[in-house]
Structures are given as structure tokens and as C-alpha cells.
>>> print(open('upload-v7.tsv').read())   # TSV, C-alpha atoms
chain	number	residue	atom	x	y	z
A	1	MET	CA	126.78	112.64	92.55
A	2	ILE	CA	129.69	110.19	92.26
A	3	LYS	CA	133.07	111.79	91.59
A	4	ILE	CA	136.56	110.40	91.02
A	5	GLU	CA	139.03	113.20	91.55
A	6	ASN	CA	137.32	116.11	89.74
A	7	ASN	CA	135.43	114.03	87.21
A	8	VAL	CA	131.70	113.42	87.63
A	9	ILE	CA	131.15	109.73	86.88
A	10	LYS	CA	127.41	109.57	87.61
A	11	THR	CA	124.66	111.84	88.89
A	12	THR	CA	122.30	109.90	91.16
A	13	ASN	CA	118.71	110.60	92.13
A	14	LYS	CA	118.11	110.47	95.86
A	15	PHE	CA	115.33	107.95	95.39
A	16	TRP	CA	114.83	107.53	99.13
A	17	ASN	CA	114.04	111.22	99.69
A	18	HIS	CA	110.29	110.81	99.77
A	19	CYS	CA	107.81	110.13	102.56
A	20	LEU	CA	104.41	108.89	103.62
A	21	PHE	CA	102.56	111.59	105.56
A	22	HIS	CA	100.19	110.15	108.16
A	23	PRO	CA	97.53	111.19	108.94
A	24	THR	CA	96.66	112.98	105.70
A	25	ASP	CA	94.12	115.24	107.40
A	26	ALA	CA	96.82	116.67	109.66
A	27	ILE	CA	97.88	118.75	106.65
A	28	GLU	CA	95.06	121.14	107.50
A	29	ASP	CA	96.28	121.48	111.11
A	30	PRO	CA	99.10	123.64	112.50
A	31	TRP	CA	101.24	120.71	113.69
A	32	GLY	CA	101.03	119.02	110.29
A	33	LYS	CA	101.90	122.24	108.50
A	34	ARG	CA	104.95	122.70	110.74
A	35	ILE	CA	106.33	119.32	109.65
A	36	ILE	CA	105.67	120.05	105.97
A	37	ASP	CA	107.31	123.48	106.34
A	38	ARG	CA	110.46	121.80	107.67
A	39	PHE	CA	110.50	119.36	104.75
A	40	ALA	CA	110.19	122.26	102.33
A	41	LYS	CA	112.85	124.36	104.03
A	42	ASP	CA	115.58	121.71	104.07
A	43	LYS	CA	114.45	120.15	100.74
A	44	SER	CA	114.69	116.69	102.27
A	45	ILE	CA	111.51	115.39	100.62
A	46	GLY	CA	110.53	115.32	96.94
A	47	THR	CA	107.28	113.33	96.84
A	48	ILE	CA	104.75	112.99	99.65
A	49	ARG	CA	102.35	110.04	99.73
A	50	ILE	CA	98.88	110.79	101.07
A	51	TYR	CA	95.38	109.31	101.01
A	52	ALA	CA	92.75	110.86	98.74
A	53	MET	CA	90.33	110.49	101.67
A	54	LEU	CA	87.40	110.09	99.29
A	55	GLU	CA	85.16	109.64	102.32
A	56	ASP	CA	85.54	113.40	102.93
A	57	ILE	CA	84.52	114.24	99.37
A	58	VAL	CA	81.75	112.01	98.01
A	59	TYR	CA	78.11	112.08	99.08
A	60	THR	CA	74.68	111.66	97.48
A	61	ASP	CA	71.54	113.73	97.16
A	62	GLU	CA	68.02	112.59	98.04
A	63	ASP	CA	67.72	110.76	94.71
A	64	GLY	CA	71.01	108.89	95.18
A	65	ASN	CA	72.99	110.96	92.67
A	66	LEU	CA	76.71	111.31	93.41
A	67	LEU	CA	77.86	114.74	94.55
A	68	TYR	CA	81.34	116.01	95.41
A	69	ASP	CA	82.76	118.56	97.83
A	70	PHE	CA	86.48	119.04	97.15
A	71	ARG	CA	87.08	121.97	99.52
A	72	ILE	CA	88.98	120.11	102.26
A	73	ASN	CA	90.87	118.06	99.68
A	74	ASP	CA	91.96	121.25	97.92
A	75	LEU	CA	93.17	122.83	101.16
A	76	ARG	CA	95.43	119.83	101.77
A	77	LEU	CA	96.76	119.51	98.24
A	78	ASP	CA	97.21	123.26	97.74
A	79	TYR	CA	99.47	123.42	100.79
A	80	LEU	CA	101.64	120.56	99.56
A	81	ILE	CA	101.88	121.91	96.02
A	82	GLU	CA	102.62	125.45	97.15
A	83	ASN	CA	105.57	124.01	99.06
A	84	GLY	CA	106.91	122.33	95.92
A	85	PHE	CA	106.08	118.66	96.49
A	86	ASP	CA	105.01	116.05	93.99
A	87	LEU	CA	102.31	113.65	95.17
A	88	LEU	CA	101.57	109.96	95.36
A	89	ILE	CA	97.84	109.77	96.09
A	90	SER	CA	96.34	106.53	97.33
A	91	PHE	CA	92.65	106.21	96.46
A	92	ALA	CA	91.96	104.60	99.81
A	93	SER	CA	88.84	104.12	101.96
A	94	MET	CA	85.48	103.53	100.31
A	95	PRO	CA	82.98	106.43	100.56
A	96	LEU	CA	80.05	105.23	102.66
A	97	CYS	CA	77.51	106.35	100.08
A	98	ILE	CA	78.79	103.80	97.53
A	99	ALA	CA	79.91	101.08	99.98
A	100	ASP	CA	78.54	97.56	99.88
A	101	THR	CA	78.26	97.69	103.67
A	102	LYS	CA	78.63	100.30	106.37
A	103	LYS	CA	79.68	97.65	108.87
A	104	ALA	CA	83.28	97.25	107.66
A	105	GLY	CA	84.91	100.15	109.48
A	106	ALA	CA	88.42	99.81	110.89
A	107	ALA	CA	90.49	102.09	113.12
A	108	VAL	CA	93.79	100.72	111.73
A	109	SER	CA	95.60	102.11	114.74
A	110	LYS	CA	96.14	101.43	118.42
A	111	ASN	CA	93.14	103.65	119.20
A	112	SER	CA	89.43	102.99	118.76
A	113	THR	CA	89.31	105.47	115.86
A	114	ARG	CA	91.69	107.14	113.46
A	115	TYR	CA	92.65	110.81	113.66
A	116	LYS	CA	89.71	113.15	114.36
A	117	GLY	CA	87.44	110.28	115.28
A	118	LYS	CA	87.30	108.87	111.76
A	119	MET	CA	87.21	105.24	110.66
A	120	PHE	CA	88.67	103.60	107.56
A	121	ASN	CA	85.83	102.08	105.51
A	122	THR	CA	87.16	98.79	104.13
A	123	SER	CA	84.08	97.83	102.12
A	124	ARG	CA	84.08	96.98	98.42
A	125	PRO	CA	81.67	99.16	96.39
A	126	LYS	CA	78.05	98.12	96.04
A	127	ASP	CA	78.41	98.86	92.34
A	128	TYR	CA	81.83	98.98	90.69
A	129	ALA	CA	80.51	101.46	88.13
A	130	LEU	CA	80.04	103.93	91.00
A	131	TRP	CA	83.65	103.38	92.08
A	132	GLU	CA	84.76	104.02	88.48
A	133	GLU	CA	82.77	107.27	88.44
A	134	VAL	CA	84.30	108.43	91.75
A	135	CYS	CA	87.82	107.69	90.46
A	136	TYR	CA	87.03	109.59	87.24
A	137	GLN	CA	85.60	112.64	88.98
A	138	TYR	CA	88.45	112.86	91.49
A	139	THR	CA	91.12	112.57	88.79
A	140	LYS	CA	89.29	115.06	86.57
A	141	HIS	CA	89.17	117.51	89.47
A	142	LEU	CA	92.93	117.17	90.01
A	143	ILE	CA	93.58	117.91	86.34
A	144	ASP	CA	91.09	120.79	86.19
A	145	ARG	CA	92.58	122.41	89.29
A	146	TYR	CA	96.31	121.77	88.89
A	147	GLY	CA	96.75	121.06	85.17
A	148	ILE	CA	97.79	117.88	83.41
A	149	GLU	CA	101.43	119.01	83.12
A	150	LYS	CA	101.69	118.86	86.91
A	151	VAL	CA	99.40	115.90	87.60
A	152	LYS	CA	101.15	113.64	85.07
A	153	ASN	CA	104.27	113.89	87.26
A	154	TRP	CA	102.37	112.41	90.21
A	155	ARG	CA	101.35	108.81	90.86
A	156	LEU	CA	97.82	107.63	91.59
A	157	GLN	CA	97.41	104.35	93.44
A	158	CYS	CA	94.44	102.04	93.88
A	159	PHE	CA	93.75	101.58	97.60
A	160	ASN	CA	96.23	100.68	100.34
A	161	GLU	CA	97.26	97.22	101.58
A	162	PRO	CA	94.18	95.42	100.18
A	163	ASP	CA	95.66	92.09	101.26
A	164	MET	CA	94.97	93.14	104.85
A	165	PRO	CA	91.36	92.80	106.08
A	166	SER	CA	91.88	95.92	108.19
A	167	PHE	CA	92.06	97.89	104.94
A	168	PHE	CA	89.87	95.93	102.51
A	169	MET	CA	86.73	93.85	103.13
A	170	LEU	CA	87.04	93.51	106.88
A	171	ASP	CA	83.55	91.99	106.92
A	172	TYR	CA	84.89	88.80	105.28
A	173	LYS	CA	86.83	86.22	107.29
A	174	GLU	CA	90.43	86.05	106.14
A	175	ALA	CA	90.79	82.27	106.08
A	176	GLU	CA	87.61	81.63	104.12
A	177	TYR	CA	87.76	84.47	101.61
A	178	LYS	CA	91.45	85.13	100.99
A	179	GLU	CA	91.46	84.43	97.24
A	180	PHE	CA	87.95	85.89	96.85
A	181	ARG	CA	89.11	89.18	98.36
A	182	ALA	CA	92.14	89.20	96.06
A	183	LYS	CA	89.86	88.85	93.03
A	184	GLU	CA	87.63	91.62	94.34
A	185	TYR	CA	90.68	93.87	94.61
A	186	ALA	CA	91.65	93.01	91.02
A	187	LYS	CA	88.15	94.19	90.05
A	188	LEU	CA	88.60	97.32	92.18
A	189	TYR	CA	91.82	98.08	90.25
A	190	GLU	CA	90.11	97.45	86.90
A	191	TYR	CA	87.41	100.05	87.55
A	192	PHE	CA	89.92	102.45	89.11
A	193	GLU	CA	91.95	102.16	85.91
A	194	LYS	CA	88.89	102.82	83.74
A	195	GLY	CA	87.89	105.86	85.76
A	196	VAL	CA	91.33	107.46	85.82
A	197	ARG	CA	91.97	106.80	82.11
A	198	LYS	CA	88.63	108.39	81.25
A	199	ALA	CA	90.00	111.59	82.79
A	200	SER	CA	93.43	111.31	81.10
A	201	GLU	CA	95.68	108.75	79.46
A	202	GLU	CA	98.74	110.64	80.72
A	203	VAL	CA	98.20	110.05	84.44
A	204	VAL	CA	100.58	107.53	86.05
A	205	ILE	CA	98.73	104.76	87.91
A	206	GLY	CA	99.55	101.59	89.83
A	207	GLY	CA	99.04	99.42	92.89
A	208	PRO	CA	98.49	97.43	95.00
A	209	ALA	CA	100.59	98.73	97.94
A	210	ILE	CA	100.67	95.13	99.18
A	211	ALA	CA	101.47	94.68	102.86
A	212	LEU	CA	102.81	91.16	103.40
A	213	ALA	CA	105.05	88.89	101.36
A	214	SER	CA	103.05	85.95	102.75
A	215	ASN	CA	100.13	87.36	100.73
A	216	VAL	CA	102.10	87.53	97.48
A	217	LYS	CA	99.31	85.52	95.80
A	218	TYR	CA	97.30	88.76	95.87
A	219	LEU	CA	99.93	90.40	93.71
A	220	GLU	CA	99.93	87.47	91.31
A	221	ILE	CA	96.13	87.55	90.95
A	222	LEU	CA	96.22	91.30	90.31
A	223	LEU	CA	99.01	91.15	87.72
A	224	ASN	CA	97.39	88.26	85.87
A	225	SER	CA	94.14	90.23	85.74
A	226	VAL	CA	95.95	93.33	84.45
A	227	LYS	CA	97.58	91.21	81.72
A	228	GLU	CA	94.37	89.38	80.74
A	229	LYS	CA	92.34	92.59	80.47
A	230	ASN	CA	95.17	94.68	79.00
A	231	LEU	CA	94.87	97.28	81.73
A	232	LYS	CA	97.21	100.21	82.22
A	233	MET	CA	99.73	99.82	85.04
A	234	ASP	CA	102.72	102.14	85.25
A	235	PHE	CA	104.24	101.04	88.56
A	236	ILE	CA	103.95	98.34	91.20
A	237	SER	CA	103.86	99.48	94.82
A	238	ILE	CA	104.93	97.23	97.67
A	239	HIS	CA	105.56	97.52	101.40
A	240	THR	CA	108.64	96.01	102.98
A	241	TYR	CA	108.48	96.01	106.73
A	242	GLY	CA	111.08	94.02	108.61
A	243	THR	CA	111.03	91.99	111.77
A	244	SER	CA	107.99	92.15	114.00
A	245	PRO	CA	108.97	93.42	117.45
A	246	PHE	CA	106.64	90.82	118.93
A	247	HIS	CA	108.81	88.12	117.35
A	248	ILE	CA	111.91	89.76	118.75
A	249	ASN	CA	110.48	89.68	122.24
A	250	LYS	CA	109.38	86.08	121.83
A	251	ASP	CA	112.16	84.45	119.81
A	252	ASN	CA	115.17	86.60	120.68
A	253	ALA	CA	115.44	87.52	117.03
A	254	GLU	CA	117.37	90.60	115.96
A	255	PHE	CA	116.40	93.49	113.78
A	256	THR	CA	117.86	92.76	110.38
A	257	THR	CA	117.81	94.32	106.94
A	258	ASP	CA	117.88	90.80	105.49
A	259	SER	CA	114.18	90.41	106.20
A	260	ILE	CA	113.40	93.53	104.16
A	261	ILE	CA	115.54	92.29	101.27
A	262	ASN	CA	113.90	88.86	101.41
A	263	VAL	CA	110.44	90.45	101.27
A	264	TYR	CA	111.48	92.54	98.26
A	265	ASN	CA	112.91	89.52	96.46
A	266	THR	CA	109.71	87.54	97.07
A	267	TYR	CA	107.68	90.26	95.39
A	268	LYS	CA	110.22	90.65	92.61
A	269	GLU	CA	110.12	86.94	91.72
A	270	THR	CA	106.32	87.09	91.34
A	271	ILE	CA	106.52	90.29	89.31
A	272	LYS	CA	108.98	88.64	86.94
A	273	LYS	CA	106.94	85.43	86.73
A	274	CYS	CA	103.89	87.43	85.69
A	275	GLY	CA	105.88	89.32	83.03
A	276	PHE	CA	105.98	92.77	84.64
A	277	GLU	CA	109.71	93.05	85.37
A	278	HIS	CA	109.86	96.13	83.08
A	279	LEU	CA	107.78	98.19	85.54
A	280	PRO	CA	109.34	100.32	88.28
A	281	ILE	CA	108.80	99.00	91.81
A	282	ILE	CA	107.95	101.63	94.38
A	283	ILE	CA	108.43	100.85	98.06
A	284	ASP	CA	106.00	103.38	99.50
A	285	GLU	CA	106.08	102.04	103.05
A	286	TRP	CA	109.06	100.42	104.71
A	287	GLY	CA	110.74	100.05	108.06
A	288	MET	CA	113.01	97.81	110.05
A	289	SER	CA	110.08	96.98	112.30
A	290	THR	CA	106.35	96.47	111.95
A	291	HIS	CA	103.82	97.69	114.51
A	292	GLY	CA	105.57	101.02	115.02
A	293	TYR	CA	102.19	102.67	115.57
A	294	PHE	CA	101.59	100.41	118.59
A	295	ASN	CA	104.66	101.94	120.31
A	296	VAL	CA	106.32	98.50	120.52
>>> encode(input="upload-v7.tsv", output="C-alpha cells")
Amino acid sequence: MIKIENNVIKTTNKFWNHCLFHPTDAIEDPWGKRIIDRFAKDKSIGTIRIYAMLEDIVYTDEDGNLLYDFRINDLRLDYLIENGFDLLISFASMPLCIADTKKAGAAVSKNSTRYKGKMFNTSRPKDYALWEEVCYQYTKHLIDRYGIEKVKNWRLQCFNEPDMPSFFMLDYKEAEYKEFRAKEYAKLYEYFEKGVRKASEEVVIGGPAIALASNVKYLEILLNSVKEKNLKMDFISIHTYGTSPFHINKDNAEFTTDSIINVYNTYKETIKKCGFEHLPIIIDEWGMSTHGYFNV
């Protein structure tokens, strides 16, 4: 709230009062619950960003039919919702049963695996229609369990940092397949959009949670695809990490907010060029330094 003397000039939303909760599956553990309890008690956080962790949900029967077990997912989401949070859910990691390859696993951390010995499956789907069906069934489950009035206040996001091989199509060499991978992500978003919209037209969706401004071509390819195919996109998500600590050690550079602003402006120019300047931009990961998880 902005006041001059006793007059309220403007009421402001604390847009920064949201967080990314990593790892998502810590929500079912005591230490994760303790952190969430503190958020809820001091009301410091409004929206929590998590992964859908579809790999914990989707499997197939002997005939290859898709089956779903939402029990662990519901435990996580119930706890967040009971504590009053809205959600940004990233449909990230490809379920192995619909993956094009099982040889594209990534730890995406300083350890050999993620939390609880899991890996992040970076594969594209072997059939995009299967990905569409998974996105539909997951969204439908959210609506059936929590109601559209609640779910329409959340945001659903297609994958996480698909411009990074460690999150999408690790089995393809970056230099040779950079634009190819970008087009595959545009297709991933297209079928995500179809699946979610089949469940409800009211759900808010977006992407791509792009990691690096140097990969801004990915964003351009996605937005052009969305425009050409008249797809629904309600927000654009970007990541704005600052100076790499490795560069600081090497070049005597300083931590600076300018780098974050420059990254944002690079994305914003492309968004405007593609005709999407009317959409809200969500910075759902940011920091003054990259590589925080390497303890640098």
C-alpha cells in the first residue's frame, strides 16, 4: 500500500511473494512440511511452484493401456491447498511408459540422482497423442478433486527449461539439434495445450520456463508456433539467473542485478517481436547467481 499522509494512493500486490519448492516430493516428508508450515504461518508465500511429477503417476497395463495412480500426487497437493496456497504446476519429466527413450535420464543436481534416488526423464514422448492424453487426465483429475473454481486460479506450465538438454531431450547433442529440439518442444506445448483444454477451457496455461537468454530462439520458435496454430497461451514463463559464480572466480566479475535485467529485456524484445506483449510474464525462477545447487 502506498500512502501520502493518510490518503491511500495505490494498493499494490506483493508480486514477489511466491516461491519454487524443490524438491516437490519433499512435501510428503516432515522436513518439507515444516517449511510449508512456516510459509503458511507468516503468510509470506501466496503461490508455490511445483512439478506434477507425472513419472510417479502414469503407468501401463500388460496391453499397454495408460493407467494412473494419483495417491502420492494428492497427498502433496492436499497439504499445500489445506495451507491456503495457490499452485503453479509444471508438467515436467516424461513418464517412462510413454517416453521415446529410457536412456535420457538426468540427475539435474550435483548428485548422481535427484531426491529419493529418482532421475528426471528428459525424453520426448514416443507418441504425442499419449502426452496429450496424460495432460488431459492429470488436468481432469485436478478439476474433479479440487473443483474448477479453485483450479482456474492456478497456472499449469508445459515442462521446465526445455532449452536445456538436462531437462529435455538429453539424448540429442546440443550443437547438432538445437533448433530441432526447439521445434519438438513447440510440438510438446501444442499437445499439452490440447490435453488441458479438453479438460477445461478455463484453466490458465503457459510456458516455456526458458532457462537462458542465449537460447531465446527457443522462445521465438514456440511463440511463432502458438500464433500459427492459434493455440491458447495465458502467460509466458522465463528464468532470470544472474552472474555465474564460475565467471566471477575466473574474470573477477561482480554480482550485479544488471545481468538479470538484461536477460529480462532480451526475452521481452522477442515476446514483443512475436506479438505477445499483451501476455503477463512470470519469472518463476530467478537469482543473483546460477549454480546455487552446486554450493558455489
>>> closest_residue(input="upload-v7.tsv", among="A:Leu80, A:Ile35, A:Ile48, A:Ile98", to="Gly64 of chain A", atoms="all atoms listed in the file")
A:Ile98
>>> closest_residue(input="upload-v7.tsv", among="A:Leu66, A:Leu88, A:Cys97, A:Ile143", to="Ile205 of chain A", atoms="all atoms listed in the file")
A:Leu88
>>> atom_distance(input="upload-v7.tsv", atom1="atom CA of Leu188 of chain A", atom2="atom CA of Gly46 of chain A")
28.8 Å
>>> closest_residue(input="upload-v7.tsv", among="A:Arg197, A:Arg71, A:Lys102, A:Lys173", to="Ser123 of chain A", atoms="only C-alpha atoms")
A:Lys102
>>> atom_distance(input="upload-v7.tsv", atom1="atom CA of Gly242 of chain A", atom2="atom CA of Ile261 of chain A")
8.8 Å
>>> atom_distance(input="upload-v7.tsv", atom1="atom CA of Lys187 of chain A", atom2="atom CA of Lys217 of chain A")
15.3 Å
>>> residues_near_point(input="upload-v7.tsv", point="(92.1, 99.8, 87.4)", cutoff="9 Å", atoms="all atoms listed in the file", output="PyMOL selection string")
chain A and resi 132+158+186-197+205-207+226+231-233
>>> closest_residue(input="upload-v7.tsv", among="A:Asp29, A:Phe167, A:Leu67, A:Ile260", to="Met94 of chain A", atoms="only C-alpha atoms")
A:Phe167
>>> residues_around(input="upload-v7.tsv", residues="Leu279 of chain A", least_positions_apart="3", cutoff="10 Å", atoms="all atoms listed in the file", output="ChimeraX atom specification")
/A:206,233-236,271-272,275-276,282
>>> closest_residue(input="upload-v7.tsv", among="A:Ser109, A:Ser166, A:Thr270, A:Asn73", to="Ala211 of chain A", atoms="all atoms listed in the file")
A:Ser166
>>> closest_residue(input="upload-v7.tsv", among="A:Ile221, A:Met288, A:Ala209, A:Ala182", to="Tyr241 of chain A", atoms="all atoms listed in the file")
A:Met288
>>> axis_aligned_box(input="upload-v7.tsv", around="segment 4-9 of chain A", padding_each_side="6 Å", output="JSON")
{"center_x": 135.1, "center_y": 112.9, "center_z": 89.2, "size_x": 19.9, "size_y": 18.4, "size_z": 16.7}
>>> residues_around(input="upload-v7.tsv", residues="Ala92 of chain A", least_positions_apart="3", cutoff="7 Å", atoms="all atoms listed in the file", output="compact mmCIF listing (two decimals) with C-alpha atoms, in the coordinates of the input")
# COMPACT_ATOMS: atom_id res chain seq x y z
CA TYR A 51 95.38 109.31 101.01
CA ALA A 52 92.75 110.86 98.74
CA MET A 53 90.33 110.49 101.67
CA CYS A 158 94.44 102.04 93.88
CA PHE A 159 93.75 101.58 97.60
CA ASN A 160 96.23 100.68 100.34
>>> residues_around(input="upload-v7.tsv", residues="Ile283 of chain A", least_positions_apart="2", cutoff="10 Å", atoms="all atoms listed in the file", output="ChimeraX atom specification")
/A:16,209-210,236-241,264,280-281,285-286
>>> write_last_selection(input="upload-v7.tsv", atoms="C-alpha atoms", output="short mmCIF file (atom, residue, chain, number, x, y, z; two decimals), in the coordinates of the input")
data_model
loop_
_atom_site.label_atom_id
_atom_site.label_comp_id
_atom_site.auth_asym_id
_atom_site.auth_seq_id
_atom_site.Cartn_x
_atom_site.Cartn_y
_atom_site.Cartn_z
CA TRP A 16 114.83 107.53 99.13
CA ALA A 209 100.59 98.73 97.94
CA ILE A 210 100.67 95.13 99.18
CA ILE A 236 103.95 98.34 91.20
CA SER A 237 103.86 99.48 94.82
CA ILE A 238 104.93 97.23 97.67
CA HIS A 239 105.56 97.52 101.40
CA THR A 240 108.64 96.01 102.98
CA TYR A 241 108.48 96.01 106.73
CA TYR A 264 111.48 92.54 98.26
CA PRO A 280 109.34 100.32 88.28
CA ILE A 281 108.80 99.00 91.81
CA GLU A 285 106.08 102.04 103.05
CA TRP A 286 109.06 100.42 104.71
#
>>> build_atoms(input="upload-v7.tsv", residues="segment 81-92 of chain A", atoms="all heavy atoms", output="JSON list (two decimals), keeping the file's coordinate frame")
[["chain", "number", "residue", "atom", "x", "y", "z"],
["A", 81, "ILE", "N", 101.41, 121.45, 97.33],
["A", 81, "ILE", "CA", 101.88, 121.91, 96.02],
["A", 81, "ILE", "C", 102.56, 123.26, 96.13],
["A", 81, "ILE", "O", 103.61, 123.51, 95.51],
["A", 81, "ILE", "CB", 100.71, 121.94, 95.02],
["A", 81, "ILE", "CG1", 100.24, 120.51, 94.74],
["A", 81, "ILE", "CG2", 101.10, 122.63, 93.72],
["A", 81, "ILE", "CD1", 98.87, 120.42, 94.14],
["A", 82, "GLU", "N", 102.00, 124.14, 96.95],
["A", 82, "GLU", "CA", 102.62, 125.45, 97.15],
["A", 82, "GLU", "C", 104.02, 125.33, 97.75],
["A", 82, "GLU", "O", 104.86, 126.19, 97.55],
["A", 82, "GLU", "CB", 101.74, 126.30, 98.07],
["A", 82, "GLU", "CG", 100.46, 126.80, 97.40],
["A", 82, "GLU", "CD", 99.45, 127.33, 98.41],
["A", 82, "GLU", "OE1", 99.79, 127.41, 99.62],
["A", 82, "GLU", "OE2", 98.32, 127.65, 97.99],
["A", 83, "ASN", "N", 104.25, 124.24, 98.48],
["A", 83, "ASN", "CA", 105.57, 124.01, 99.06],
["A", 83, "ASN", "C", 106.49, 123.19, 98.15],
["A", 83, "ASN", "O", 107.58, 122.80, 98.55],
["A", 83, "ASN", "CB", 105.43, 123.31, 100.41],
["A", 83, "ASN", "CG", 105.12, 124.29, 101.53],
["A", 83, "ASN", "OD1", 106.00, 124.98, 102.03],
["A", 83, "ASN", "ND2", 103.85, 124.38, 101.90],
["A", 84, "GLY", "N", 106.03, 122.91, 96.93],
["A", 84, "GLY", "CA", 106.91, 122.33, 95.92],
["A", 84, "GLY", "C", 106.97, 120.82, 95.86],
["A", 84, "GLY", "O", 107.87, 120.27, 95.22],
["A", 85, "PHE", "N", 106.02, 120.13, 96.48],
["A", 85, "PHE", "CA", 106.08, 118.66, 96.49],
["A", 85, "PHE", "C", 105.30, 118.05, 95.33],
["A", 85, "PHE", "O", 104.27, 118.58, 94.90],
["A", 85, "PHE", "CB", 105.49, 118.12, 97.81],
["A", 85, "PHE", "CG", 106.22, 118.59, 99.03],
["A", 85, "PHE", "CD1", 105.62, 119.49, 99.90],
["A", 85, "PHE", "CD2", 107.50, 118.14, 99.31],
["A", 85, "PHE", "CE1", 106.29, 119.94, 101.02],
["A", 85, "PHE", "CE2", 108.17, 118.58, 100.44],
["A", 85, "PHE", "CZ", 107.56, 119.49, 101.29],
["A", 86, "ASP", "N", 105.81, 116.92, 94.83],
["A", 86, "ASP", "CA", 105.01, 116.05, 93.99],
["A", 86, "ASP", "C", 104.23, 115.11, 94.90],
["A", 86, "ASP", "O", 104.56, 114.96, 96.08],
["A", 86, "ASP", "CB", 105.91, 115.24, 93.04],
["A", 86, "ASP", "CG", 106.44, 116.08, 91.88],
["A", 86, "ASP", "OD1", 105.70, 116.98, 91.42],
["A", 86, "ASP", "OD2", 107.57, 115.85, 91.44],
["A", 87, "LEU", "N", 103.20, 114.45, 94.34],
["A", 87, "LEU", "CA", 102.31, 113.65, 95.17],
["A", 87, "LEU", "C", 102.19, 112.22, 94.67],
["A", 87, "LEU", "O", 102.23, 111.96, 93.47],
["A", 87, "LEU", "CB", 100.91, 114.28, 95.20],
["A", 87, "LEU", "CG", 100.83, 115.74, 95.65],
["A", 87, "LEU", "CD1", 99.38, 116.21, 95.59],
["A", 87, "LEU", "CD2", 101.39, 115.92, 97.05],
["A", 88, "LEU", "N", 102.06, 111.30, 95.62],
["A", 88, "LEU", "CA", 101.57, 109.96, 95.36],
["A", 88, "LEU", "C", 100.27, 109.87, 96.15],
["A", 88, "LEU", "O", 100.29, 109.96, 97.38],
["A", 88, "LEU", "CB", 102.55, 108.88, 95.80],
["A", 88, "LEU", "CG", 102.27, 107.44, 95.34],
["A", 88, "LEU", "CD1", 103.52, 106.57, 95.47],
["A", 88, "LEU", "CD2", 101.13, 106.78, 96.09],
["A", 89, "ILE", "N", 99.15, 109.75, 95.44],
["A", 89, "ILE", "CA", 97.84, 109.77, 96.09],
["A", 89, "ILE", "C", 97.24, 108.38, 96.05],
["A", 89, "ILE", "O", 97.02, 107.81, 94.97],
["A", 89, "ILE", "CB", 96.90, 110.77, 95.42],
["A", 89, "ILE", "CG1", 97.53, 112.17, 95.39],
["A", 89, "ILE", "CG2", 95.56, 110.82, 96.16],
["A", 89, "ILE", "CD1", 96.69, 113.21, 94.68],
["A", 90, "SER", "N", 96.96, 107.83, 97.22],
["A", 90, "SER", "CA", 96.34, 106.53, 97.33],
["A", 90, "SER", "C", 94.83, 106.70, 97.42],
["A", 90, "SER", "O", 94.33, 107.34, 98.34],
["A", 90, "SER", "CB", 96.87, 105.79, 98.57],
["A", 90, "SER", "OG", 96.34, 104.50, 98.67],
["A", 91, "PHE", "N", 94.11, 106.15, 96.44],
["A", 91, "PHE", "CA", 92.65, 106.21, 96.46],
["A", 91, "PHE", "C", 92.17, 105.18, 97.48],
["A", 91, "PHE", "O", 91.78, 104.07, 97.14],
["A", 91, "PHE", "CB", 92.08, 105.89, 95.07],
["A", 91, "PHE", "CG", 92.24, 106.97, 94.04],
["A", 91, "PHE", "CD1", 93.39, 107.75, 93.98],
["A", 91, "PHE", "CD2", 91.25, 107.21, 93.10],
["A", 91, "PHE", "CE1", 93.54, 108.75, 93.02],
["A", 91, "PHE", "CE2", 91.39, 108.20, 92.13],
["A", 91, "PHE", "CZ", 92.54, 108.97, 92.09],
["A", 92, "ALA", "N", 92.21, 105.54, 98.73],
["A", 92, "ALA", "CA", 91.96, 104.60, 99.81],
["A", 92, "ALA", "C", 90.74, 105.01, 100.62],
["A", 92, "ALA", "O", 90.45, 106.20, 100.74],
["A", 92, "ALA", "CB", 93.18, 104.50, 100.72]]
